[in-house]
>>> print(open('entry00.txt').read())   # compact mmCIF, C-alpha atoms
# COMPACT_ATOMS: atom_id res chain seq x y z
CA MET A 265 78.59 8.20 90.88
CA ILE A 266 76.03 8.73 88.10
CA LYS A 267 75.25 12.23 89.40
CA LYS A 268 78.98 13.04 89.43
CA ARG A 269 79.36 11.94 85.80
CA ILE A 270 76.52 14.26 84.79
CA ILE A 271 77.55 17.26 86.88
CA SER A 272 81.34 17.21 86.29
CA PRO A 273 81.24 18.09 82.55
CA LEU A 274 78.91 21.00 83.32
CA GLN A 275 81.18 22.22 86.12
CA ASN A 276 84.20 21.94 83.82
CA PHE A 277 82.31 23.92 81.18
CA ILE A 278 81.41 26.64 83.70
CA LYS A 279 85.02 26.75 84.95
CA THR A 280 86.37 27.19 81.41
CA GLU A 281 83.80 29.86 80.53
CA SER A 282 84.56 31.74 83.75
CA ALA A 283 88.31 31.76 83.08
CA SER A 284 87.55 32.81 79.50
CA GLY A 285 85.49 35.71 80.85
CA ILE A 286 88.50 37.00 82.80
CA LEU A 287 90.72 36.74 79.71
CA LEU A 288 87.99 38.42 77.67
CA LEU A 289 87.93 41.33 80.12
CA ALA A 290 91.71 41.67 79.90
CA ALA A 291 91.57 41.71 76.07
CA THR A 292 88.80 44.33 76.17
CA LEU A 293 90.75 46.62 78.49
CA LEU A 294 93.89 46.21 76.36
CA ALA A 295 91.92 47.12 73.22
CA LEU A 296 90.42 50.22 74.87
CA ILE A 297 93.80 51.37 76.21
CA TRP A 298 95.55 50.72 72.89
CA ALA A 299 92.84 52.49 70.84
CA ASN A 300 93.00 55.55 73.09
CA SER A 301 96.79 55.70 73.43
CA PRO A 302 99.38 57.56 71.32
CA PHE A 303 99.71 54.26 69.39
CA ARG A 304 96.07 54.29 68.24
CA ASP A 305 97.08 54.45 64.57
CA SER A 306 98.93 51.14 64.86
CA TYR A 307 95.76 49.58 66.35
CA ASN A 308 93.63 50.67 63.39
CA HIS A 309 96.28 49.83 60.78
CA LEU A 310 96.74 46.31 62.18
CA TRP A 311 93.10 45.30 61.84
CA GLU A 312 92.67 47.01 58.47
CA TYR A 313 95.72 45.24 56.98
CA LYS A 314 94.50 43.13 54.06
CA ILE A 315 95.55 39.52 53.56
CA GLY A 316 94.31 36.71 51.31
CA PHE A 317 94.72 35.89 47.67
CA LYS A 318 93.48 37.06 44.29
CA SER A 319 93.18 35.49 40.87
CA GLU A 320 91.55 36.38 37.58
CA HIS A 321 88.32 34.56 38.45
CA PHE A 322 88.31 34.44 42.26
CA GLU A 323 89.20 36.77 45.10
CA LEU A 324 89.38 36.26 48.85
CA TYR A 325 91.27 39.34 49.99
CA LYS A 326 89.98 40.91 53.18
CA PRO A 327 91.10 43.11 56.11
CA LEU A 328 92.36 41.18 59.12
CA ILE A 329 89.34 42.21 61.20
CA LEU A 330 87.01 40.59 58.67
CA TRP A 331 89.05 37.37 58.72
CA ILE A 332 88.46 37.40 62.48
CA ASN A 333 84.76 38.31 62.34
CA ASP A 334 83.91 36.10 59.35
CA GLY A 335 86.49 33.32 59.74
CA LEU A 336 87.46 32.78 63.37
CA MET A 337 83.93 33.54 64.51
CA ALA A 338 82.67 30.80 62.20
CA VAL A 339 84.63 28.39 64.42
CA PHE A 340 82.97 30.01 67.45
CA PHE A 341 79.54 29.46 65.89
CA PHE A 342 80.52 25.90 64.95
CA LEU A 343 81.18 25.24 68.64
CA ILE A 344 77.84 26.84 69.55
CA GLY A 345 76.20 24.50 67.05
CA LEU A 346 77.85 21.47 68.66
CA GLU A 347 76.67 22.63 72.11
CA ILE A 348 73.12 23.22 70.84
CA LYS A 349 72.94 19.78 69.24
CA ARG A 350 74.28 18.08 72.38
CA GLU A 351 71.88 19.96 74.65
CA PHE A 352 68.89 19.11 72.46
CA LEU A 353 69.81 15.41 72.23
CA ILE A 354 71.12 14.53 75.69
CA GLY A 355 71.44 17.72 77.73
CA GLU A 356 69.38 20.40 79.44
CA LEU A 357 67.15 21.00 76.40
CA ASN A 358 66.29 17.38 75.55
CA SER A 359 62.72 17.44 76.88
CA THR A 360 59.83 19.89 76.88
CA LYS A 361 60.00 20.20 80.67
CA LYS A 362 63.72 21.01 80.67
CA LEU A 363 63.44 23.35 77.68
CA ALA A 364 60.49 25.39 78.95
CA PHE A 365 62.29 27.28 81.75
CA PRO A 366 65.26 28.64 79.71
CA LEU A 367 63.12 28.99 76.58
CA PHE A 368 60.67 31.43 78.16
CA GLY A 369 63.56 33.25 79.83
CA ALA A 370 65.32 33.61 76.48
CA LEU A 371 62.14 34.85 74.79
CA GLY A 372 61.85 37.60 77.40
CA GLY A 373 65.55 38.37 77.02
CA MET A 374 65.22 38.76 73.26
CA LEU A 375 61.80 40.35 72.71
CA PHE A 376 61.84 43.02 75.43
CA PRO A 377 65.25 44.52 74.47
CA ILE A 378 64.04 44.75 70.86
CA LEU A 379 60.80 46.39 72.01
CA PHE A 380 62.73 48.84 74.22
CA PHE A 381 65.05 49.68 71.31
CA TYR A 382 62.17 50.61 69.01
CA LEU A 383 60.47 52.64 71.74
CA LEU A 384 63.66 54.57 72.57
CA ASN A 385 65.14 54.95 69.09
CA LYS A 386 64.29 58.25 67.40
CA ASN A 387 66.82 58.13 64.56
CA PRO A 388 65.79 56.17 61.42
CA GLU A 389 69.48 55.76 60.51
CA THR A 390 70.12 53.63 63.61
CA SER A 391 66.89 51.61 63.50
CA HIS A 392 68.65 48.54 62.07
CA GLY A 393 70.60 48.20 65.32
CA TRP A 394 67.60 46.58 67.04
CA GLY A 395 69.32 43.17 67.20
CA VAL A 396 72.36 44.42 69.15
CA PRO A 397 70.96 44.20 72.73
CA MET A 398 69.23 40.82 72.40
CA ALA A 399 72.20 38.47 72.96
CA THR A 400 73.85 37.30 76.20
CA ASP A 401 77.60 36.71 76.53
CA ILE A 402 77.89 33.35 78.27
CA ALA A 403 81.59 33.71 79.16
CA PHE A 404 81.21 37.04 80.95
CA SER A 405 77.90 36.17 82.63
CA LEU A 406 79.17 32.83 83.96
CA ALA A 407 82.40 34.48 85.10
CA VAL A 408 80.39 36.92 87.23
CA LEU A 409 78.15 34.13 88.51
CA ASN A 410 81.13 32.00 89.40
CA THR A 411 82.66 34.73 91.60
CA LEU A 412 79.73 34.20 93.98
CA GLY A 413 80.83 30.63 94.69
CA LYS A 414 78.53 28.51 96.86
CA ARG A 415 76.01 31.33 97.22
CA ILE A 416 74.69 30.29 93.83
CA PRO A 417 72.94 26.90 93.35
CA LEU A 418 74.16 24.79 90.46
CA SER A 419 70.63 24.77 89.00
CA LEU A 420 70.93 28.56 88.49
CA LYS A 421 74.17 28.08 86.53
CA VAL A 422 72.46 25.38 84.47
CA PHE A 423 69.59 27.80 83.77
CA LEU A 424 71.96 30.58 82.68
CA THR A 425 73.91 28.20 80.44
CA ALA A 426 70.77 26.74 78.81
CA PHE A 427 69.24 30.23 78.56
CA ALA A 428 72.35 31.56 76.76
CA ILE A 429 72.32 28.63 74.33
CA VAL A 430 68.65 29.26 73.44
CA ASP A 431 69.54 32.95 73.16
CA ASP A 432 72.36 32.07 70.75
CA ILE A 433 69.90 30.20 68.54
CA GLY A 434 67.77 33.34 68.35
CA ALA A 435 70.83 35.47 67.56
CA VAL A 436 71.91 33.13 64.76
CA LEU A 437 68.42 33.23 63.22
CA VAL A 438 68.44 37.03 63.39
CA ILE A 439 71.86 37.18 61.72
CA ALA A 440 70.76 34.79 58.97
CA LEU A 441 67.41 36.44 58.28
CA PHE A 442 68.01 40.13 58.90
CA TYR A 443 71.73 40.89 58.77
CA SER A 444 72.70 39.14 55.56
CA THR A 445 73.02 40.99 52.27
CA SER A 446 71.32 40.21 48.95
CA ILE A 447 71.44 36.46 48.45
CA ASP A 448 72.84 34.61 45.43
CA ILE A 449 70.36 31.76 45.06
CA THR A 450 72.68 29.61 42.91
CA LEU A 451 75.59 29.67 45.37
CA ILE A 452 73.42 29.13 48.43
CA SER A 453 71.67 26.23 46.69
CA ILE A 454 75.03 24.56 46.09
CA ALA A 455 75.96 25.12 49.75
CA ILE A 456 72.66 23.63 50.95
CA GLY A 457 73.20 20.66 48.65
CA LEU A 458 76.64 20.03 50.15
CA LEU A 459 75.20 20.33 53.66
CA ALA A 460 72.42 17.89 52.78
CA PHE A 461 75.03 15.42 51.52
CA LEU A 462 76.99 15.71 54.79
CA TYR A 463 73.82 15.22 56.83
CA PHE A 464 72.94 12.16 54.74
CA ILE A 465 76.30 10.39 55.10
CA ALA A 466 76.40 11.23 58.82
CA HIS A 467 72.94 9.67 59.19
CA LYS A 468 74.25 6.57 57.42
CA GLY A 469 77.10 6.30 59.93
CA PHE A 470 80.00 7.75 57.94
CA TYR A 471 82.01 10.57 59.46
CA SER A 472 85.50 11.92 58.85
CA HIS A 473 87.13 15.01 60.36
CA TYR A 474 88.98 15.61 57.09
CA VAL A 475 85.86 15.38 54.91
CA THR A 476 83.98 17.68 57.29
CA PHE A 477 86.82 20.23 57.24
CA MET A 478 87.11 20.23 53.42
CA PHE A 479 83.35 20.50 52.90
CA GLY A 480 83.18 23.13 55.66
CA ALA A 481 85.77 25.34 53.95
CA VAL A 482 83.89 25.17 50.62
CA ILE A 483 80.51 25.82 52.30
CA TRP A 484 81.99 28.76 54.25
CA VAL A 485 83.20 30.38 50.99
CA LEU A 486 79.85 29.72 49.29
CA PHE A 487 77.94 31.38 52.15
CA LEU A 488 80.36 34.33 52.08
CA LYS A 489 80.01 34.82 48.31
CA ALA A 490 76.25 34.13 48.40
CA GLY A 491 75.60 37.07 50.75
CA ILE A 492 74.68 35.14 53.91
CA HIS A 493 77.04 35.77 56.79
CA PRO A 494 79.50 32.83 56.81
CA THR A 495 79.20 32.30 60.57
CA VAL A 496 75.79 30.79 59.82
CA ALA A 497 77.63 28.09 57.86
CA GLY A 498 79.58 27.30 61.04
CA ILE A 499 76.49 26.52 63.06
CA LEU A 500 74.89 24.49 60.23
CA MET A 501 78.07 22.45 59.79
CA ALA A 502 77.90 21.41 63.45
CA PHE A 503 74.68 19.50 62.83
CA ALA A 504 76.54 17.26 60.39
CA VAL A 505 78.71 15.92 63.24
CA PRO A 506 77.19 12.74 64.72
CA ILE A 507 76.91 12.35 68.47
CA ARG A 508 76.62 8.57 68.63
CA GLN A 509 79.59 6.24 69.10
CA LYS A 510 80.33 3.42 66.66
CA VAL A 511 81.37 1.15 69.55
CA HIS A 512 79.75 1.01 72.98
CA THR A 513 81.48 0.57 76.33
CA PRO A 514 81.20 -3.25 76.84
CA GLU A 515 82.67 -4.00 73.39
CA PHE A 516 85.39 -1.35 73.86
CA ILE A 517 86.41 -2.74 77.28
CA ALA A 518 86.54 -6.29 75.92
CA ASN A 519 88.82 -5.26 73.05
CA LEU A 520 90.91 -3.06 75.34
CA SER A 521 91.55 -6.06 77.60
CA GLN A 522 92.47 -8.19 74.58
CA ILE A 523 94.91 -5.54 73.30
CA MET A 524 96.55 -5.31 76.74
CA ASP A 525 97.00 -9.08 76.83
CA ASN A 526 98.45 -9.09 73.30
CA ILE A 527 100.94 -6.34 74.20
CA LYS A 528 102.08 -8.29 77.25
CA LYS A 529 102.52 -11.46 75.18
CA ALA A 530 104.18 -9.69 72.24
CA LYS A 531 107.86 -10.18 71.52
CA VAL A 532 109.94 -7.40 73.11
CA ALA A 533 112.31 -5.52 70.81
CA PRO A 534 116.03 -5.66 71.76
CA LYS A 535 116.31 -1.87 71.69
CA PRO A 536 114.19 0.59 73.73
CA ILE A 537 111.53 0.73 71.02
CA LEU A 538 108.31 -1.17 70.38
CA SER A 539 108.31 -4.45 68.50
CA LYS A 540 106.26 -4.89 65.31
CA GLU A 541 103.61 -6.81 67.26
CA GLN A 542 103.34 -4.03 69.85
CA VAL A 543 103.13 -1.33 67.15
CA ALA A 544 100.32 -3.31 65.50
CA GLU A 545 98.43 -3.48 68.79
CA ILE A 546 98.89 0.27 69.35
CA ASP A 547 97.43 0.91 65.88
CA ASN A 548 94.57 -1.40 66.79
CA LEU A 549 94.05 0.57 70.02
CA ASP A 550 93.92 3.86 68.09
CA HIS A 551 91.24 2.36 65.85
CA TRP A 552 89.08 1.27 68.80
CA ILE A 553 89.55 4.61 70.61
CA GLU A 554 88.43 6.49 67.50
CA ASP A 555 85.30 4.35 67.20
CA TYR A 556 84.58 4.58 70.93
CA GLN A 557 84.65 8.39 71.10
CA SER A 558 81.60 10.47 70.20
CA PRO A 559 82.69 12.67 67.24
CA LEU A 560 80.62 15.57 68.54
CA GLN A 561 81.92 15.26 72.11
CA LEU A 562 85.52 14.95 70.90
CA LEU A 563 85.30 18.02 68.65
CA GLU A 564 83.55 20.05 71.34
CA HIS A 565 86.24 19.11 73.85
CA LYS A 566 89.09 20.01 71.47
CA LEU A 567 87.57 23.30 70.28
CA HIS A 568 86.32 24.63 73.61
CA ASP A 569 89.67 25.79 74.95
CA LEU A 570 90.72 27.14 71.54
CA VAL A 571 87.56 29.25 71.33
CA ALA A 572 87.54 30.28 75.01
CA TYR A 573 91.22 31.16 75.34
CA ALA A 574 92.12 32.31 71.82
CA ILE A 575 89.31 33.11 69.39
CA ILE A 576 87.03 35.11 71.71
CA PRO A 577 89.88 37.17 73.27
CA ILE A 578 91.25 37.90 69.76
CA PHE A 579 87.76 38.98 68.69
CA ALA A 580 87.55 41.28 71.74
CA LEU A 581 91.00 42.74 71.06
CA ALA A 582 90.06 43.48 67.44
CA ASN A 583 86.56 44.85 68.07
CA ALA A 584 86.51 46.51 71.50
CA GLY A 585 89.00 49.25 70.70
CA VAL A 586 86.74 52.30 70.55
CA LEU A 587 88.13 55.84 70.55
CA ILE A 588 86.65 57.68 73.55
CA ASP A 589 87.47 61.39 73.69
CA GLY A 590 85.80 64.74 73.34
CA ASP A 591 86.53 64.96 69.63
CA ALA A 592 85.07 61.55 68.80
CA ASN A 593 81.90 61.64 66.69
CA LEU A 594 79.64 59.67 69.03
CA ASP A 595 75.87 59.34 68.99
CA THR A 596 74.89 59.76 72.65
CA SER A 597 71.27 58.71 72.09
CA LEU A 598 72.36 55.42 70.50
CA ILE A 599 74.80 54.74 73.36
CA ILE A 600 72.09 55.33 75.98
CA ASN A 601 69.50 53.37 73.98
CA ILE A 602 71.61 50.22 73.67
CA ALA A 603 72.81 50.45 77.27
CA LEU A 604 69.24 50.77 78.60
CA CYS A 605 68.02 47.93 76.38
CA LEU A 606 70.71 45.64 77.79
CA ILE A 607 70.12 46.69 81.40
CA LEU A 608 66.34 47.12 81.55
CA GLY A 609 65.18 45.17 78.50
CA ASN A 610 66.72 41.92 79.70
CA SER A 611 65.96 42.35 83.41
CA ILE A 612 62.32 43.38 82.94
CA GLY A 613 61.72 40.97 80.07
CA ILE A 614 63.13 37.83 81.68
CA THR A 615 61.67 38.51 85.13
CA THR A 616 58.23 39.37 83.75
CA ILE A 617 57.99 36.36 81.44
CA ILE A 618 59.35 33.86 83.98
CA THR A 619 57.07 35.17 86.76
CA THR A 620 54.03 35.08 84.49
CA VAL A 621 54.50 31.58 83.10
CA LYS A 622 55.38 30.28 86.58
CA LYS A 623 52.09 31.62 87.96
CA LEU A 624 50.26 30.04 85.02
CA LYS A 625 52.07 26.76 85.91
CA ILE A 626 53.46 26.46 82.38
CA ILE A 627 56.97 25.97 83.78
CA GLU A 628 58.41 24.52 86.96
CA VAL A 629 61.28 26.46 88.52
CA PRO A 630 63.77 24.39 90.61
CA LYS A 631 63.09 24.74 94.34
CA ASP A 632 66.56 26.11 95.12
CA ILE A 633 66.04 29.05 92.72
CA ASN A 634 64.12 31.93 94.31
CA ALA A 635 62.71 35.20 92.94
CA GLN A 636 65.86 37.16 93.78
CA HIS A 637 67.96 34.61 91.86
CA ILE A 638 65.79 35.18 88.78
CA VAL A 639 66.07 38.97 89.05
CA GLY A 640 69.85 38.79 89.55
CA VAL A 641 70.41 36.46 86.59
CA SER A 642 68.09 38.57 84.43
CA PHE A 643 70.51 41.48 84.92
CA LEU A 644 73.50 39.23 84.14
CA ALA A 645 71.72 38.37 80.88
CA GLY A 646 72.24 42.02 79.97
CA ILE A 647 75.97 41.29 79.60
CA GLY A 648 75.85 41.15 75.82
CA PHE A 649 79.50 41.63 74.99
CA THR A 650 80.71 39.17 72.31
CA MET A 651 77.52 38.51 70.37
CA ALA A 652 76.22 42.07 70.81
CA ILE A 653 79.40 43.63 69.40
CA PHE A 654 79.38 41.05 66.61
CA ILE A 655 75.78 41.91 65.65
CA ALA A 656 76.64 45.63 65.89
CA SER A 657 79.45 45.13 63.36
CA LEU A 658 76.87 43.62 60.98
CA ALA A 659 74.08 46.10 61.72
CA PHE A 660 76.27 49.15 61.13
CA ALA A 661 78.54 47.75 58.41
CA LYS A 662 77.12 50.27 55.92
CA SER A 663 77.04 53.12 58.46
CA PRO A 664 80.33 52.80 60.37
CA GLU A 665 79.88 56.26 61.92
CA PHE A 666 77.45 54.63 64.37
CA LEU A 667 79.52 51.52 65.09
CA GLY A 668 81.72 53.14 67.76
CA SER A 669 78.64 54.44 69.59
CA ALA A 670 77.00 51.02 69.44
CA LYS A 671 80.11 49.38 70.91
CA ILE A 672 80.29 51.92 73.74
CA GLY A 673 76.60 51.30 74.45
CA VAL A 674 77.30 47.55 74.64
CA LEU A 675 80.30 48.03 76.94
CA LEU A 676 78.44 50.45 79.22
CA GLY A 677 75.26 48.37 79.36
CA SER A 678 77.20 45.15 79.96
CA LEU A 679 79.23 46.72 82.78
CA VAL A 680 76.21 48.15 84.60
CA SER A 681 74.26 44.90 84.12
CA ALA A 682 77.15 42.90 85.57
CA ILE A 683 77.44 45.14 88.64
CA ILE A 684 73.69 45.18 89.40
CA GLY A 685 73.33 41.44 88.83
CA TYR A 686 76.30 40.69 91.05
CA LEU A 687 75.02 42.89 93.90
CA ILE A 688 71.52 41.39 93.78
CA LEU A 689 72.87 37.84 93.93
CA ARG A 690 75.60 38.72 96.43
CA TYR A 691 73.11 40.07 98.96
CA ASN A 692 70.42 37.45 98.50
CA LYS A 693 68.74 37.35 101.94
CA THR A 694 67.23 33.93 101.28
CA ASP A 695 70.73 32.49 100.85
CA GLU A 696 71.77 33.97 104.20
CA ILE A 697 68.75 32.38 105.90
CA ASP A 698 69.45 29.03 104.23
CA ASN A 699 73.11 29.16 105.31
CA GLU A 700 72.11 29.95 108.92
CA GLU A 701 69.67 27.02 108.89
CA GLU A 702 72.37 24.68 107.52
CA LEU A 703 74.81 25.82 110.24
CA SER A 704 72.27 25.38 113.03
CA ALA A 705 71.29 21.97 111.68
CA SER A 706 74.93 20.87 111.63
>>> encode(input="entry00.txt", output="structure tokens")
Amino acid sequence: MIKKRIISPLQNFIKTESASGILLLAATLLALIWANSPFRDSYNHLWEYKIGFKSEHFELYKPLILWINDGLMAVFFFLIGLEIKREFLIGELNSTKKLAFPLFGALGGMLFPILFFYLLNKNPETSHGWGVPMATDIAFSLAVLNTLGKRIPLSLKVFLTAFAIVDDIGAVLVIALFYSTSIDITLISIAIGLLAFLYFIAHKGFYSHYVTFMFGAVIWVLFLKAGIHPTVAGILMAFAVPIRQKVHTPEFIANLSQIMDNIKKAKVAPKPILSKEQVAEIDNLDHWIEDYQSPLQLLEHKLHDLVAYAIIPIFALANAGVLIDGDANLDTSLIINIALCLILGNSIGITTIITTVKKLKIIEVPKDINAQHIVGVSFLAGIGFTMAIFIASLAFAKSPEFLGSAKIGVLLGSLVSAIIGYLILRYNKTDEIDNEEELSAS
């Protein structure tokens, strides 16, 4: 029973991410078809349409694509922050032993693609795109992994999930440190002060969704105006959400039983509505439910479907539409560079680092994960779609002539990585031997 309680949330997470990966693929294909169709002008005009508001002293008037990349993606990063905090406190990253395996994998998956990029890049104008191939798209990678069904041990899915979360931390740090513009110290100081206040009151046991939302909106604007990408505010805001419950299970059950008894004993209204006593007990129940739920767990649960089924597909639809024809001004070397970094940088980096630290006995790899599993997953880590395209939009914001090439490189590298990773895991000979042994034993 205990094992089921631990595994079920992870399996639900994997199921949601896998379904999101399919929707993400559909949105990507739609964007590519739309951008290369006779209606391509409508595609570009839609995302460049400006909305917002202006006043004499303040302006927040941006193209729709920037509202998506700066605004909706801040919600995406907020969810990533919640997942990171949960994993560090009670999940797969809450001990040195659990953290070591995905941590070393993520280091290989970040450092080697960057190294490959610098070795392959010959154009100084594209050198700031080094961060593009270092991030893994968890939705796509888990979707591919999930198509293999029972061929894949759950521990490998846990590794890929934890690996991607560590990878996201690295991507966020890169965005904050290297892809933000000149910083306004005054505004960022105010934002940090507000964050510190939220952390303090959360530590003291006070938390309100409304207060968090209001402070979050102000902090988001301050980060935007200060020159630090506002998605960083999303991930920092997540750490202000407490994970602990105000009321624990025994006390909640006792009060739940008392409320049930009171409802049964309450005077029944003559009409098919609740009596005043029953309404009071329902209000009391709402109070106890609110105190019983973990704020972090509740927010993560509510936001996960919104992000998986709406925000990420919208992001893909707005960003994946690249014009591909003979007249397009594409940088072939940049396309090949990014594609190779995703395919080879991740596969070589992750496999090399994991193999090395395993031999040095720094990490302990689960027994049901073999060498071919590691190689296969290392290729899946080269699926860098969402975060890679997002970083590309930041890296080439001042040189948009290279952005289309960078996106094509991401799409090409992600596709090839997915195919190779799938084939390696699909034809894992060790799995076939294990299955034969299980059949003969049964």
>>> closest_residue(input="entry00.txt", among="A:Ala584, A:Ala504, A:Ala670, A:Ala530", to="Thr596 of chain A", atoms="all atoms listed in the file")
A:Ala670
>>> atom_distance(input="entry00.txt", atom1="atom CA of Ser453 of chain A", atom2="atom CA of Trp394 of chain A")
29.1 Å
>>> residues_around(input="entry00.txt", residues="Glu347 of chain A", least_positions_apart="5", cutoff="12 Å", atoms="only C-alpha atoms", output="PyMOL selection string")
chain A and resi 274+277+340-342+352-357+425-426+428-430+432-433+499+502-503+505+507+560-565+567-568
>>> closest_residue(input="entry00.txt", among="A:Asp401, A:Glu323, A:Asp550, A:Asp569", to="Phe654 of chain A", atoms="all atoms listed in the file")
A:Asp401
>>> closest_atom_pairs(input="entry00.txt", of="segment 403-507 of chain A", to="segment 638-645 of chain A", cutoff="9 Å", atoms="all atoms listed in the file", output="JSON lines")
{"residue": "A:Phe404", "atom": "CA", "partner": "A:Leu644", "partner_atom": "CA", "distance": 8.6}
{"residue": "A:Ser405", "atom": "CA", "partner": "A:Leu644", "partner_atom": "CA", "distance": 5.6}
{"residue": "A:Leu406", "atom": "CA", "partner": "A:Leu644", "partner_atom": "CA", "distance": 8.6}
{"residue": "A:Val408", "atom": "CA", "partner": "A:Leu644", "partner_atom": "CA", "distance": 7.9}
{"residue": "A:Leu409", "atom": "CA", "partner": "A:Leu644", "partner_atom": "CA", "distance": 8.2}
{"residue": "A:Leu420", "atom": "CA", "partner": "A:Val641", "partner_atom": "CA", "distance": 8.1}
{"residue": "A:Leu424", "atom": "CA", "partner": "A:Val641", "partner_atom": "CA", "distance": 7.2}
{"residue": "A:Phe427", "atom": "CA", "partner": "A:Ala645", "partner_atom": "CA", "distance": 8.8}
{"residue": "A:Ala428", "atom": "CA", "partner": "A:Ala645", "partner_atom": "CA", "distance": 8.0}
>>> residues_around(input="entry00.txt", residues="segment 516-525 of chain A", least_positions_apart="6", cutoff="12 Å", atoms="only C-alpha atoms", output="list in words")
Gln509, Lys510, Glu541, Gln542, Val543, Ala544, Glu545, Ile546, Asp547, Asn548, Leu549, Asp550, His551, Trp552, Ile553, Glu554, Asp555, Tyr556 and Gln557 of chain A
>>> residues_around(input="entry00.txt", residues="Tyr471 of chain A", least_positions_apart="5", cutoff="9 Å", atoms="only C-alpha atoms", output="PyMOL selection string")
chain A and resi 462+465-466+476+504-506+559
>>> residues_around(input="entry00.txt", residues="Leu459 of chain A", least_positions_apart="2", cutoff="10 Å", atoms="all atoms listed in the file", output="number ranges by chain")
A: 453-457, 461-464, 476, 479-480, 483, 497, 500-501, 503-504
>>> residues_near_point(input="entry00.txt", point="(81.5, 54.3, 61.1)", cutoff="12 Å", atoms="all atoms listed in the file", output="PyMOL selection string")
chain A and resi 390+586-587+592-595+656-671
>>> atom_distance(input="entry00.txt", atom1="atom CA of Thr400 of chain A", atom2="atom CA of Ser597 of chain A")
22.0 Å
>>> residues_around(input="entry00.txt", residues="Gly372 of chain A", least_positions_apart="2", cutoff="10 Å", atoms="all atoms listed in the file", output="NGL selection string")
:A and (366-370 or 374-378 or 398 or 431 or 609-618 or 642)
>>> atom_distance(input="entry00.txt", atom1="atom CA of Tyr573 of chain A", atom2="atom CA of Tyr307 of chain A")
21.0 Å
>>> closest_residue(input="entry00.txt", among="A:Ser284, A:Thr292, A:Ala652, A:Val482", to="Val571 of chain A", atoms="all atoms listed in the file")
A:Ser284
>>> axis_aligned_box(input="entry00.txt", around="segment 536-554 of chain A", padding_each_side="5 Å", output="lines of an AutoDock Vina configuration file")
center_x = 101.3
center_y = -0.2
center_z = 69.5
size_x = 35.8
size_y = 23.3
size_z = 18.4
>>> closest_residue(input="entry00.txt", among="A:Leu412, A:Leu418, A:Leu287, A:Ile329", to="Leu687 of chain A", atoms="only C-alpha atoms")
A:Leu412
>>> closest_residue(input="entry00.txt", among="A:Phe470, A:Leu343, A:Thr619, A:Thr411", to="Leu570 of chain A", atoms="only C-alpha atoms")
A:Leu343
>>> closest_residue(input="entry00.txt", among="A:Leu289, A:Lys625, A:Val674, A:Leu606", to="Ile576 of chain A", atoms="only C-alpha atoms")
A:Leu289
